[in-house]
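Peer 1: File entry-v6.cif follows (mmCIF, C-alpha atoms):
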```cif
data_data
loop_
_atom_site.label_atom_id
_atom_site.label_comp_id
_atom_site.auth_asym_id
_atom_site.auth_seq_id
_atom_site.Cartn_x
_atom_site.Cartn_y
_atom_site.Cartn_z
CA MET A 18 275.63 59.98 189.96
CA PRO A 19 275.52 57.77 186.88
CA LEU A 20 278.15 55.24 185.97
CA HIS A 21 279.64 55.33 182.50
CA PHE A 22 279.39 51.84 181.04
CA GLU A 23 281.03 50.65 177.84
CA LEU A 24 280.72 47.24 176.25
CA VAL A 25 283.22 46.56 173.48
CA THR A 26 283.64 43.54 171.19
CA PRO A 27 286.34 43.07 168.55
CA ALA A 28 283.81 43.91 165.85
CA LYS A 29 282.39 47.09 167.37
CA LEU A 30 281.52 49.28 170.31
CA VAL A 31 278.27 47.67 171.43
CA ARG A 32 277.20 50.28 173.92
CA SER A 33 278.39 53.36 175.63
CA GLU A 34 275.87 54.79 178.05
CA GLU A 35 275.19 56.15 181.52
CA VAL A 36 273.68 53.60 183.89
CA HIS A 37 273.08 53.24 187.60
CA MET A 38 274.85 49.97 188.31
CA VAL A 39 276.25 46.93 186.52
CA VAL A 40 276.60 43.52 188.15
CA VAL A 41 279.47 41.61 186.60
CA PRO A 42 280.03 37.84 186.98
CA GLY A 43 283.76 37.89 187.77
CA THR A 44 285.74 34.65 187.75
CA GLU A 45 286.12 34.92 191.51
CA GLY A 46 282.55 35.95 192.24
CA GLU A 47 279.99 38.47 191.15
CA PHE A 48 280.59 42.11 191.82
CA GLY A 49 278.49 45.20 191.35
CA VAL A 50 279.97 48.40 190.02
CA LEU A 51 278.51 51.76 190.99
CA ALA A 52 279.86 55.17 190.10
CA GLY A 53 283.08 56.04 191.92
CA HIS A 54 284.28 52.44 192.22
CA ALA A 55 287.97 51.96 193.00
CA PRO A 56 290.21 51.05 190.04
CA PHE A 57 289.81 47.36 189.42
CA MET A 58 290.53 44.72 186.81
CA SER A 59 289.04 41.27 186.59
CA THR A 60 288.45 38.48 184.16
CA ILE A 61 284.80 37.57 183.68
CA ALA A 62 283.25 34.12 183.66
CA ASP A 63 280.94 33.40 180.73
CA GLY A 64 277.52 34.58 181.83
CA ALA A 65 275.18 37.52 182.01
CA LEU A 66 275.96 41.13 182.83
CA LYS A 67 273.09 42.75 184.72
CA VAL A 68 272.66 46.36 183.76
CA TYR A 69 270.51 48.51 186.11
CA LYS A 70 269.52 51.65 184.26
CA THR A 71 267.84 53.10 187.34
CA GLU A 72 268.09 52.30 191.01
CA ASN A 73 264.85 50.34 191.31
CA GLY A 74 264.33 49.23 187.72
CA ALA A 75 264.52 45.67 186.51
CA PRO A 76 267.99 44.72 185.26
CA GLU A 77 268.70 44.16 181.60
CA GLU A 78 270.74 41.05 181.00
CA ILE A 79 273.47 40.82 178.36
CA ARG A 80 275.08 37.43 177.88
CA ILE A 81 278.78 37.59 177.10
CA THR A 82 281.64 35.14 176.68
CA GLY A 83 285.36 35.70 176.93
CA GLY A 84 285.07 38.87 178.95
CA PHE A 85 287.33 41.18 180.84
CA ALA A 86 286.29 44.09 183.03
CA GLU A 87 288.21 47.23 183.78
CA VAL A 88 287.06 49.88 186.22
CA GLY A 89 288.88 53.17 186.05
CA ASP A 90 288.27 56.89 186.33
CA ALA A 91 286.29 56.80 183.11
CA GLY A 92 283.85 54.19 184.42
CA LEU A 93 283.37 50.52 183.64
CA THR A 94 284.68 49.04 180.41
CA VAL A 95 283.84 45.46 179.54
CA LEU A 96 285.82 43.83 176.75
CA ALA A 97 284.02 40.74 175.49
CA GLU A 98 284.81 38.40 172.64
CA HIS A 99 281.18 37.55 171.96
CA VAL A 100 277.97 39.30 172.94
CA GLU A 101 274.56 37.73 172.52
CA GLY A 102 271.60 39.80 171.51
CA MET B 27 296.85 43.38 107.81
CA ALA B 28 293.91 41.87 109.60
CA SER B 29 290.58 41.81 107.84
CA LEU B 30 287.80 44.19 108.78
CA LYS B 31 285.75 41.40 110.32
CA GLU B 32 288.61 40.28 112.52
CA LEU B 33 289.24 43.82 113.72
CA LYS B 34 285.60 44.29 114.58
CA GLY B 35 285.68 41.08 116.60
CA ARG B 36 288.74 42.23 118.53
CA ILE B 37 287.23 45.62 119.30
CA ASN B 38 284.10 43.95 120.63
CA SER B 39 286.04 41.52 122.80
CA VAL B 40 288.15 44.33 124.32
CA LYS B 41 284.97 46.27 124.95
CA SER B 42 283.42 43.44 126.92
CA THR B 43 286.63 42.95 128.91
CA GLN B 44 286.49 46.64 129.76
CA LYS B 45 282.94 46.22 131.00
CA ILE B 46 284.07 43.48 133.36
CA THR B 47 287.03 45.42 134.75
CA LYS B 48 284.92 48.51 135.19
CA ALA B 49 282.27 46.57 137.10
CA LYS B 50 284.91 44.95 139.32
CA GLN B 51 286.42 48.35 140.01
CA MET B 52 283.11 49.74 141.20
CA VAL B 53 282.41 46.66 143.30
CA ALA B 54 285.86 47.01 144.89
CA ALA B 55 285.24 50.69 145.66
CA ALA B 56 282.01 49.83 147.47
CA LYS B 57 283.61 46.95 149.35
CA LEU B 58 286.58 49.09 150.27
CA ARG B 59 284.32 51.53 152.05
CA LYS B 60 282.77 48.64 153.96
CA ALA B 61 286.13 47.13 154.86
CA GLN B 62 287.42 50.45 156.09
CA ALA B 63 284.35 50.89 158.27
CA ALA B 64 284.91 47.42 159.73
CA ALA B 65 288.53 48.26 160.49
CA GLU B 66 287.39 51.47 162.13
CA ASP B 67 284.85 49.61 164.30
CA ALA B 68 287.49 47.19 165.50
CA ARG B 69 289.77 49.90 166.79
CA PRO B 70 288.27 50.61 170.27
CA TYR B 71 288.65 46.99 171.37
CA ALA B 72 292.20 46.71 170.09
CA THR B 73 293.38 49.94 171.70
CA ARG B 74 291.75 49.16 175.04
CA LEU B 75 293.18 45.67 175.11
CA ALA B 76 296.62 46.99 174.20
CA GLN B 77 296.39 49.52 177.04
CA VAL B 78 295.44 46.85 179.54
CA MET B 79 298.22 44.57 178.29
CA ALA B 80 300.73 47.38 178.55
CA SER B 81 299.78 48.28 182.08
CA LEU B 82 299.88 44.62 183.11
CA ALA B 83 303.18 43.98 181.37
CA SER B 84 304.77 46.91 183.15
CA LYS B 85 303.82 45.38 186.49
CA ILE B 86 305.32 41.92 186.09
CA THR B 87 308.76 40.85 185.07
CA VAL B 88 309.23 38.24 182.39
CA SER B 89 310.81 35.15 183.91
CA GLU B 90 310.86 31.43 183.27
CA ASN B 91 307.58 31.09 185.12
CA SER B 92 305.84 33.59 182.88
CA PRO B 93 303.30 32.26 180.42
CA LYS B 94 305.06 30.66 177.46
CA LEU B 95 303.22 32.90 175.03
CA LEU B 96 305.05 35.87 176.51
CA ALA B 97 308.40 34.40 177.51
CA GLY B 98 308.96 32.12 174.52
CA THR B 99 310.07 28.50 174.47
CA GLY B 100 313.68 29.30 175.15
CA SER B 101 314.89 28.49 171.65
CA ASP B 102 314.31 29.89 168.20
CA LYS B 103 314.99 26.92 165.95
CA VAL B 104 311.63 26.57 164.25
CA HIS B 105 309.92 29.57 162.72
CA LEU B 106 306.32 29.53 161.57
CA LEU B 107 305.37 32.02 158.90
CA VAL B 108 301.66 32.79 158.93
CA VAL B 109 300.84 34.18 155.50
CA ALA B 110 297.47 35.85 155.06
CA ASN B 111 296.26 36.10 151.46
CA SER B 112 292.95 36.72 149.79
CA ASP B 113 290.67 34.12 148.24
CA LYS B 114 290.04 35.99 145.03
CA GLY B 115 292.23 37.35 142.33
CA LEU B 116 291.78 40.43 140.14
CA CYS B 117 293.69 42.54 142.64
CA GLY B 118 296.98 43.20 140.92
CA ALA B 119 300.17 42.29 142.74
CA PHE B 120 298.50 42.24 146.15
CA ASN B 121 298.98 38.54 146.88
CA ALA B 122 302.31 38.34 145.08
CA ASN B 123 303.72 41.09 147.28
CA ILE B 124 302.74 39.36 150.51
CA VAL B 125 304.11 36.04 149.34
CA LYS B 126 307.31 37.73 148.22
CA ALA B 127 307.81 39.30 151.65
CA ALA B 128 307.30 35.88 153.25
CA ARG B 129 309.71 34.23 150.84
CA VAL B 130 312.44 36.77 151.51
CA LYS B 131 312.02 36.16 155.24
CA ALA B 132 312.06 32.39 154.74
CA GLN B 133 315.30 32.54 152.76
CA GLU B 134 316.86 34.79 155.36
CA LEU B 135 315.89 32.42 158.17
CA GLU B 136 317.05 29.35 156.28
CA ALA B 137 320.38 31.02 155.63
CA GLN B 138 320.72 31.29 159.41
CA GLY B 139 320.10 27.57 159.70
CA LYS B 140 316.58 27.76 161.09
CA THR B 141 313.68 25.55 160.13
CA VAL B 142 310.84 27.34 158.41
CA LEU B 143 307.21 26.22 158.36
CA PHE B 144 304.25 27.88 156.68
CA TYR B 145 300.70 28.40 157.84
CA LEU B 146 298.61 29.72 154.99
CA VAL B 147 295.39 31.66 155.36
CA GLY B 148 293.41 32.21 152.19
CA ARG B 149 293.62 30.49 148.83
CA LYS B 150 295.81 32.64 146.65
CA GLY B 151 299.15 32.12 148.36
CA ARG B 152 298.97 28.34 148.16
CA PRO B 153 300.20 27.45 144.68
CA VAL B 154 303.34 29.58 144.87
CA ILE B 155 304.45 28.48 148.30
CA ARG B 156 303.49 24.87 147.64
CA ARG B 157 305.72 24.88 144.58
CA GLU B 158 308.74 26.19 146.45
CA TYR B 159 308.33 24.62 149.86
CA PRO B 160 306.25 21.49 149.22
CA ASP B 161 307.06 19.80 152.53
CA GLN B 162 307.04 22.80 154.81
CA ILE B 163 303.38 23.74 154.87
CA ALA B 164 302.05 23.06 158.34
CA HIS B 165 298.46 23.92 157.59
CA MET B 166 296.27 25.65 155.06
CA PHE B 167 293.44 27.53 156.64
CA ASP B 168 290.43 27.89 154.40
CA THR B 169 288.52 31.15 154.40
CA SER B 170 286.72 30.62 151.11
CA ASP B 171 283.50 29.47 152.77
CA VAL B 172 282.90 32.86 154.40
CA ARG B 173 282.26 36.11 152.61
CA TYR B 174 284.37 38.32 154.85
CA PRO B 175 286.94 36.84 157.22
CA GLY B 176 285.79 37.98 160.65
CA PHE B 177 286.56 37.50 164.29
CA ASN B 178 285.42 33.86 164.24
CA GLU B 179 288.10 33.04 161.69
CA ALA B 180 290.74 34.97 163.63
CA GLU B 181 289.70 33.04 166.71
CA ARG B 182 290.02 29.68 164.97
CA VAL B 183 293.42 30.55 163.55
CA ALA B 184 294.64 31.78 166.94
CA ASP B 185 293.38 28.65 168.69
CA GLU B 186 295.17 26.44 166.19
CA LEU B 187 298.36 28.45 166.50
CA VAL B 188 298.30 28.29 170.29
CA ALA B 189 297.65 24.53 170.18
CA MET B 190 300.56 24.03 167.79
CA TYR B 191 302.75 26.27 169.91
CA GLU B 192 301.92 24.38 173.05
CA ALA B 193 302.61 21.07 171.30
CA GLY B 194 306.09 22.43 170.60
CA LYS B 195 305.73 22.48 166.82
CA PHE B 196 307.35 25.90 166.50
CA ASP B 197 309.16 28.50 168.58
CA VAL B 198 308.51 31.80 166.85
CA ALA B 199 305.62 32.87 164.65
CA HIS B 200 305.59 35.74 162.18
CA LEU B 201 302.49 37.12 160.54
CA PHE B 202 302.54 38.42 156.98
CA TYR B 203 299.77 40.63 155.69
CA ALA B 204 299.31 43.86 153.77
CA LYS B 205 298.87 46.96 155.85
CA PHE B 206 296.37 49.37 154.39
CA ARG B 207 297.92 52.78 153.80
CA SER B 208 295.61 54.08 151.08
CA ALA B 209 293.75 52.73 148.09
CA LEU B 210 296.99 53.12 146.14
CA VAL B 211 299.51 51.89 148.70
CA GLN B 212 299.40 48.60 150.55
CA GLU B 213 302.44 47.68 152.52
CA PRO B 214 303.40 44.04 152.99
CA THR B 215 304.14 43.76 156.70
CA ASP B 216 306.02 41.24 158.80
CA GLN B 217 304.98 41.15 162.41
CA GLN B 218 306.07 38.81 165.16
CA ILE B 219 303.03 37.42 166.96
CA ILE B 220 304.41 34.55 169.07
CA PRO B 221 306.01 35.03 171.57
CA VAL B 222 303.83 38.06 172.09
CA PRO B 223 306.05 41.13 171.96
CA ALA B 224 305.57 43.07 175.17
CA PRO B 225 303.36 46.07 174.42
CA LYS B 226 305.05 49.39 174.98
CA ALA B 227 304.38 50.69 178.43
CA VAL B 228 302.22 53.78 178.47
CA ALA B 229 302.34 56.46 181.11
CA VAL B 230 299.94 55.56 183.88
CA THR B 231 297.22 58.16 183.87
CA SER B 232 295.80 57.55 187.32
CA ASP B 233 297.91 57.14 190.42
CA ALA B 234 295.21 55.21 192.26
CA VAL B 235 296.26 51.64 192.96
CA THR B 236 294.38 49.21 190.78
CA GLU B 237 293.19 45.98 192.29
CA TYR B 238 293.40 42.77 190.31
CA GLU B 239 291.21 39.75 190.54
CA PRO B 240 292.73 37.17 190.14
CA ASP B 241 296.31 38.47 190.33
CA GLU B 242 298.21 40.21 187.52
CA GLU B 243 299.94 37.11 186.20
CA GLU B 244 296.74 35.11 185.87
CA ILE B 245 294.94 37.94 184.14
CA LEU B 246 297.87 38.31 181.79
CA ALA B 247 297.84 34.59 181.04
CA ALA B 248 294.12 34.81 180.28
CA LEU B 249 294.52 37.88 178.10
CA LEU B 250 297.48 36.72 176.00
CA PRO B 251 295.49 34.40 173.70
CA ARG B 252 292.87 37.13 173.34
CA TYR B 253 295.52 39.64 172.44
CA LEU B 254 296.77 37.24 169.78
CA LYS B 255 293.25 36.87 168.41
CA THR B 256 292.81 40.61 168.28
CA GLN B 257 296.05 41.02 166.38
CA LEU B 258 295.08 38.34 163.88
CA PHE B 259 291.65 39.89 163.52
CA GLY B 260 293.21 43.29 162.93
CA ALA B 261 295.51 41.79 160.31
CA LEU B 262 292.59 40.10 158.54
CA LEU B 263 290.69 43.38 158.45
CA GLU B 264 293.69 45.30 157.14
CA ASN B 265 294.18 42.60 154.55
CA ALA B 266 290.56 42.80 153.44
CA ALA B 267 290.78 46.57 153.04
CA SER B 268 294.11 46.26 151.23
CA GLU B 269 292.72 43.64 148.87
CA GLN B 270 289.86 45.89 147.85
CA GLY B 271 292.18 48.87 147.50
CA ALA B 272 294.60 46.90 145.33
CA SER B 273 291.73 45.54 143.30
CA MET B 274 290.35 49.01 142.73
CA THR B 275 293.67 50.35 141.49
CA ALA B 276 294.42 47.33 139.31
CA MET B 277 290.98 47.41 137.73
CA ASP B 278 291.19 51.15 137.16
CA ASN B 279 294.43 50.60 135.25
CA ALA B 280 292.93 47.71 133.32
CA THR B 281 289.90 49.78 132.34
CA ARG B 282 292.11 52.59 131.13
CA ASN B 283 294.34 50.22 129.16
CA ALA B 284 291.29 48.69 127.53
CA GLY B 285 290.13 52.19 126.56
CA ASP B 286 293.48 52.95 124.91
CA LEU B 287 293.44 49.65 123.09
CA ILE B 288 289.93 50.27 121.78
CA LYS B 289 290.99 53.69 120.49
CA LYS B 290 293.99 52.22 118.66
CA LEU B 291 292.01 49.38 117.20
CA THR B 292 289.27 51.74 116.03
CA ILE B 293 291.81 53.87 114.19
CA VAL B 294 293.25 50.78 112.48
CA TYR B 295 289.73 49.64 111.66
CA ASN B 296 288.79 52.97 110.06
CA ARG B 297 292.01 53.14 108.06
CA THR B 298 291.51 49.64 106.76
CA ARG B 299 287.95 50.47 105.81
CA GLN B 300 289.01 53.60 103.95
CA ALA B 301 291.79 51.73 102.19
CA ALA B 302 289.26 49.16 101.04
CA ILE B 303 286.93 51.86 99.72
CA THR B 304 289.77 53.62 97.92
CA THR B 305 290.88 50.42 96.27
CA GLU B 306 287.33 49.78 95.10
CA LEU B 307 287.01 53.29 93.66
CA VAL B 308 290.34 53.03 91.88
CA GLU B 309 289.21 49.75 90.37
CA ILE B 310 285.91 51.24 89.14
CA ILE B 311 287.57 54.37 87.71
CA ALA B 312 290.25 52.32 86.01
CA GLY B 313 287.52 50.09 84.54
CA ALA B 314 285.54 53.11 83.29
CA GLU B 315 288.65 54.65 81.66
CA ALA B 316 289.47 51.44 79.85
CA LEU B 317 286.12 51.57 78.01
#
```
With the file now loaded, output its structure as C-alpha cells.
Peer 2:
Amino acid sequence: MPLHFELVTPAKLVRSEEVHMVVVPGTEGEFGVLAGHAPFMSTIADGALKVYKTENGAPEEIRITGGFAEVGDAGLTVLAEHVEG
Amino acid sequence: MASLKELKGRINSVKSTQKITKAKQMVAAAKLRKAQAAAEDARPYATRLAQVMASLASKITVSENSPKLLAGTGSDKVHLLVVANSDKGLCGAFNANIVKAARVKAQELEAQGKTVLFYLVGRKGRPVIRREYPDQIAHMFDTSDVRYPGFNEAERVADELVAMYEAGKFDVAHLFYAKFRSALVQEPTDQQIIPVPAPKAVAVTSDAVTEYEPDEEEILAALLPRYLKTQLFGALLENAASEQGASMTAMDNATRNAGDLIKKLTIVYNRTRQAAITTELVEIIAGAEAL
C-alpha cells in the first residue's frame, strides 16, 4: 500500500505523490513513515528527507530547513520553509 | 486662443502620455496574472499551517507560561504599526489608502494614550508618515532591491519583528496591507499579528489520538514564528496583487482620459485651422472687390 506524501513550501506545493516510505529527521530522532502510520506531529531538524519510491530502491534525498511533519489519515505532509533542489 | 502650432504640440504630448499609460496598463495586467498565481500557490502551506495551529491551540490553554508570542507581554502600551506599501507609483490611490488606514488607527490609539511606532515596508509610504510622525518610525524595511517581495523578505521582516518584540520594544503589532478583492477593489486591511491571535478551532476530523514529538507546547512555540512569517508572506503577496490591480485600473482611466483630451484638442485645432482659412479667404475676396 503506497503512502501519500506531500511536501509544501510557502511558495508552492513541491510534490504530491505516492511513495513507499519516507524517513524524516525529526528533532528527537529520525523516524520512518509507512502507509497506515498512527497520527503524529513533529518538528524536523534541518537535514535531508529520504524518500523511498519502492521498497528496495535507492532513496531520493531532499534537503529541507525549517520543517514540520504531520502524519494523518491523508498520509504524510511535510511543511518546510526552504527546500533545496 | 492658442496658436495652431501650440495646439499641435499639446496634442502630440498628450498622445505620448497616452502611450505610456497604455503600456503600463498592459504590463500591470500581465503582472497581475503572475501575482495572482503566486498567491494561489501559497495557499496550501498557509491553510495547512493554520489547521495545525488551530488543532494545537485547542489542546493547550493560554497561561503566563505560554510563549510570549501567543500570550502577549501583559500590557498594551506600545503599538507597532507595520505598514506594507509598494515601491513604485503609477497605481492610483493604492498606497494612499493603506497609509490612510494606518493613520486613522494611529490617531485612534494615540487618543487612548498609547504610544505608536511605525515599521514601514516598501518605499512609497515613507514620505507621508515621515512628515507626520518624524520620531516614531522604528524601522524602514527596504524591498526595492528585489523584483517581487517573496518569502525571504517576509522571513527577514518577521525575524526583525520577533527580535524587537523580545527586546520589549512594543507590545502589540498591527499589519496594514491591501487585501485583493478584484482588479477594481482593493481593501485596506488592519490585522493584528503580534500577539498571534489564536486561530479558530476547527472540528477535529479524526478521532485517533495524535502523538506529538516534542510535546504540544514546544511544537507550538516552534511554529508561532513560522505562522507569523506565513501571514506576512501572505500579506506581501496580496499587496503585490493589489498593487497591480490598482495600477491596471488607474492606468485604464488615465488612458481613457487622454483619449478624451485628444478628441477635444483635435476639435479645437480643426476649428482654429478653419477660422484661419476663412479669415484668409475673406481678406483675399475683400482685396479683389476693392480693385
Peer 1: In Å to one decimal, how far is atom CA of B:Asp286 from atom CA of B:Arg299?
Peer 2: 20.0 Å
Peer 1: Got a sec to resolve the PyMOL selection byres ((chain A) within 9 of (chain B)) on this structure and send the residues as number ranges by chain?
Peer 2: A: 25-30, 43-45, 55-60, 83, 85, 87-90, 94, 96-98
Peer 1: Find the residues of stretch 86-141 of chain B that sit at most 7 Å from stretch 186-205 of chain B; for each, write down the nearest two atoms and how far apart they are in Å, to one decimal. Count all atoms listed in the file. Sort by chain, then by number going up, and give it as JSON lines.
Peer 2:
```
{"residue": "B:Gly98", "atom": "CA", "partner": "B:Asp197", "partner_atom": "CA", "distance": 7.0}
{"residue": "B:Thr99", "atom": "CA", "partner": "B:Asp197", "partner_atom": "CA", "distance": 6.0}
{"residue": "B:Ser101", "atom": "CA", "partner": "B:Asp197", "partner_atom": "CA", "distance": 6.5}
{"residue": "B:Asp102", "atom": "CA", "partner": "B:Asp197", "partner_atom": "CA", "distance": 5.3}
{"residue": "B:Lys103", "atom": "CA", "partner": "B:Asp197", "partner_atom": "CA", "distance": 6.6}
{"residue": "B:Val104", "atom": "CA", "partner": "B:Phe196", "partner_atom": "CA", "distance": 4.9}
{"residue": "B:His105", "atom": "CA", "partner": "B:Val198", "partner_atom": "CA", "distance": 4.9}
{"residue": "B:Leu106", "atom": "CA", "partner": "B:Ala199", "partner_atom": "CA", "distance": 4.6}
{"residue": "B:Leu107", "atom": "CA", "partner": "B:His200", "partner_atom": "CA", "distance": 5.0}
{"residue": "B:Val108", "atom": "CA", "partner": "B:Leu201", "partner_atom": "CA", "distance": 4.7}
{"residue": "B:Val109", "atom": "CA", "partner": "B:Phe202", "partner_atom": "CA", "distance": 4.8}
{"residue": "B:Ala110", "atom": "CA", "partner": "B:Tyr203", "partner_atom": "CA", "distance": 5.3}
{"residue": "B:Ile124", "atom": "CA", "partner": "B:Tyr203", "partner_atom": "CA", "distance": 6.1}
{"residue": "B:Ala128", "atom": "CA", "partner": "B:Phe202", "partner_atom": "CA", "distance": 6.6}
```
Peer 1: So how far away is atom CA of A:Glu101 from atom CA of A:His54, in Å?
Peer 2: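 Distance between the two atoms: 26.4 Å.
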Peer 1: List the residues selected by the PyMOL selection byres ((chain B and resi 49) around 12) in the file shown, writing them as a PyMOL selection string.
Peer 2: chain B and resi 42-48+50-56+116+273-274+277-278+280-281
Peer 1: I need the output of the PyMOL selection byres ((chain A and resi 38) around 10) for this file as a list of chain:residue names; which residues are they?
Peer 2: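 Against this file, the PyMOL selection byres ((chain A and resi 38) around 10) returns the residues A:Pro19, A:Leu20, A:His21, A:Phe22, A:Glu35, A:Val36, A:His37, A:Val39, A:Val40, A:Val41, A:Gly49, A:Val50, A:Leu51, A:Ala52, A:Lys67, A:Val68, A:Tyr69, A:Lys70, A:Thr71, A:Glu72, A:Pro76, A:Leu93.
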Peer 1: Starting from the block above, write stretch 37-65 of chain B out to a file with N, CA and C atoms, as a PDB file, in the first residue's frame, please.
Peer 2:
```pdb
ATOM      1  N   ILE B  37      -1.320  68.318 -28.499  1.00  0.00           N
ATOM      2  CA  ILE B  37      -1.917  67.034 -28.913  1.00  0.00           C
ATOM      3  C   ILE B  37      -0.844  65.947 -28.918  1.00  0.00           C
ATOM      4  N   ASN B  38       0.316  66.284 -29.464  1.00  0.00           N
ATOM      5  CA  ASN B  38       1.385  65.285 -29.512  1.00  0.00           C
ATOM      6  C   ASN B  38       1.831  64.862 -28.120  1.00  0.00           C
ATOM      7  N   SER B  39       1.908  65.832 -27.195  1.00  0.00           N
ATOM      8  CA  SER B  39       2.397  65.456 -25.859  1.00  0.00           C
ATOM      9  C   SER B  39       1.364  64.584 -25.150  1.00  0.00           C
ATOM     10  N   VAL B  40       0.071  64.878 -25.329  1.00  0.00           N
ATOM     11  CA  VAL B  40      -0.951  64.023 -24.710  1.00  0.00           C
ATOM     12  C   VAL B  40      -0.908  62.629 -25.324  1.00  0.00           C
ATOM     13  N   LYS B  41      -0.660  62.589 -26.632  1.00  0.00           N
ATOM     14  CA  LYS B  41      -0.577  61.288 -27.295  1.00  0.00           C
ATOM     15  C   LYS B  41       0.550  60.442 -26.713  1.00  0.00           C
ATOM     16  N   SER B  42       1.692  61.059 -26.466  1.00  0.00           N
ATOM     17  CA  SER B  42       2.788  60.230 -25.944  1.00  0.00           C
ATOM     18  C   SER B  42       2.537  59.843 -24.497  1.00  0.00           C
ATOM     19  N   THR B  43       1.854  60.695 -23.729  1.00  0.00           N
ATOM     20  CA  THR B  43       1.477  60.290 -22.371  1.00  0.00           C
ATOM     21  C   THR B  43       0.545  59.087 -22.436  1.00  0.00           C
ATOM     22  N   GLN B  44      -0.391  59.122 -23.390  1.00  0.00           N
ATOM     23  CA  GLN B  44      -1.321  58.016 -23.514  1.00  0.00           C
ATOM     24  C   GLN B  44      -0.598  56.715 -23.830  1.00  0.00           C
ATOM     25  N   LYS B  45       0.454  56.821 -24.650  1.00  0.00           N
ATOM     26  CA  LYS B  45       1.222  55.623 -24.979  1.00  0.00           C
ATOM     27  C   LYS B  45       1.833  55.019 -23.721  1.00  0.00           C
ATOM     28  N   ILE B  46       2.351  55.901 -22.866  1.00  0.00           N
ATOM     29  CA  ILE B  46       2.976  55.406 -21.623  1.00  0.00           C
ATOM     30  C   ILE B  46       1.949  54.733 -20.727  1.00  0.00           C
ATOM     31  N   THR B  47       0.801  55.399 -20.512  1.00  0.00           N
ATOM     32  CA  THR B  47      -0.192  54.822 -19.605  1.00  0.00           C
ATOM     33  C   THR B  47      -0.739  53.509 -20.159  1.00  0.00           C
ATOM     34  N   LYS B  48      -0.884  53.451 -21.478  1.00  0.00           N
ATOM     35  CA  LYS B  48      -1.391  52.232 -22.075  1.00  0.00           C
ATOM     36  C   LYS B  48      -0.413  51.080 -21.861  1.00  0.00           C
ATOM     37  N   ALA B  49       0.876  51.381 -22.060  1.00  0.00           N
ATOM     38  CA  ALA B  49       1.905  50.352 -21.875  1.00  0.00           C
ATOM     39  C   ALA B  49       1.897  49.875 -20.434  1.00  0.00           C
ATOM     40  N   LYS B  50       1.843  50.825 -19.488  1.00  0.00           N
ATOM     41  CA  LYS B  50       1.862  50.465 -18.065  1.00  0.00           C
ATOM     42  C   LYS B  50       0.640  49.621 -17.711  1.00  0.00           C
ATOM     43  N   GLN B  51      -0.488  49.933 -18.340  1.00  0.00           N
ATOM     44  CA  GLN B  51      -1.695  49.167 -18.069  1.00  0.00           C
ATOM     45  C   GLN B  51      -1.520  47.719 -18.509  1.00  0.00           C
ATOM     46  N   MET B  52      -0.924  47.534 -19.683  1.00  0.00           N
ATOM     47  CA  MET B  52      -0.747  46.166 -20.171  1.00  0.00           C
ATOM     48  C   MET B  52       0.277  45.404 -19.334  1.00  0.00           C
ATOM     49  N   VAL B  53       1.330  46.117 -18.922  1.00  0.00           N
ATOM     50  CA  VAL B  53       2.328  45.481 -18.059  1.00  0.00           C
ATOM     51  C   VAL B  53       1.664  45.042 -16.759  1.00  0.00           C
ATOM     52  N   ALA B  54       0.833  45.934 -16.179  1.00  0.00           N
ATOM     53  CA  ALA B  54       0.167  45.617 -14.924  1.00  0.00           C
ATOM     54  C   ALA B  54      -0.747  44.412 -15.079  1.00  0.00           C
ATOM     55  N   ALA B  55      -1.449  44.326 -16.218  1.00  0.00           N
ATOM     56  CA  ALA B  55      -2.346  43.192 -16.434  1.00  0.00           C
ATOM     57  C   ALA B  55      -1.566  41.882 -16.432  1.00  0.00           C
ATOM     58  N   ALA B  56      -0.403  41.893 -17.104  1.00  0.00           N
ATOM     59  CA  ALA B  56       0.414  40.680 -17.152  1.00  0.00           C
ATOM     60  C   ALA B  56       0.941  40.331 -15.770  1.00  0.00           C
ATOM     61  N   LYS B  57       1.401  41.371 -15.043  1.00  0.00           N
ATOM     62  CA  LYS B  57       1.964  41.117 -13.714  1.00  0.00           C
ATOM     63  C   LYS B  57       0.889  40.679 -12.734  1.00  0.00           C
ATOM     64  N   LEU B  58      -0.326  41.197 -12.940  1.00  0.00           N
ATOM     65  CA  LEU B  58      -1.422  40.823 -12.054  1.00  0.00           C
ATOM     66  C   LEU B  58      -1.672  39.325 -12.141  1.00  0.00           C
ATOM     67  N   ARG B  59      -1.649  38.809 -13.371  1.00  0.00           N
ATOM     68  CA  ARG B  59      -1.885  37.379 -13.533  1.00  0.00           C
ATOM     69  C   ARG B  59      -0.821  36.592 -12.768  1.00  0.00           C
ATOM     70  N   LYS B  60       0.415  37.051 -12.877  1.00  0.00           N
ATOM     71  CA  LYS B  60       1.528  36.389 -12.202  1.00  0.00           C
ATOM     72  C   LYS B  60       1.359  36.454 -10.683  1.00  0.00           C
ATOM     73  N   ALA B  61       0.985  37.640 -10.194  1.00  0.00           N
ATOM     74  CA  ALA B  61       0.844  37.822  -8.752  1.00  0.00           C
ATOM     75  C   ALA B  61      -0.292  36.961  -8.202  1.00  0.00           C
ATOM     76  N   GLN B  62      -1.354  36.855  -9.007  1.00  0.00           N
ATOM     77  CA  GLN B  62      -2.464  36.024  -8.548  1.00  0.00           C
ATOM     78  C   GLN B  62      -2.061  34.562  -8.493  1.00  0.00           C
ATOM     79  N   ALA B  63      -1.274  34.128  -9.478  1.00  0.00           N
ATOM     80  CA  ALA B  63      -0.806  32.748  -9.479  1.00  0.00           C
ATOM     81  C   ALA B  63       0.065  32.482  -8.262  1.00  0.00           C
ATOM     82  N   ALA B  64       0.918  33.461  -7.910  1.00  0.00           N
ATOM     83  CA  ALA B  64       1.784  33.298  -6.747  1.00  0.00           C
ATOM     84  C   ALA B  64       0.953  33.195  -5.477  1.00  0.00           C
ATOM     85  N   ALA B  65      -0.084  34.009  -5.380  1.00  0.00           N
ATOM     86  CA  ALA B  65      -0.951  33.967  -4.204  1.00  0.00           C
ATOM     87  C   ALA B  65      -1.649  32.614  -4.114  1.00  0.00           C
TER      88      ALA B  65
END
```
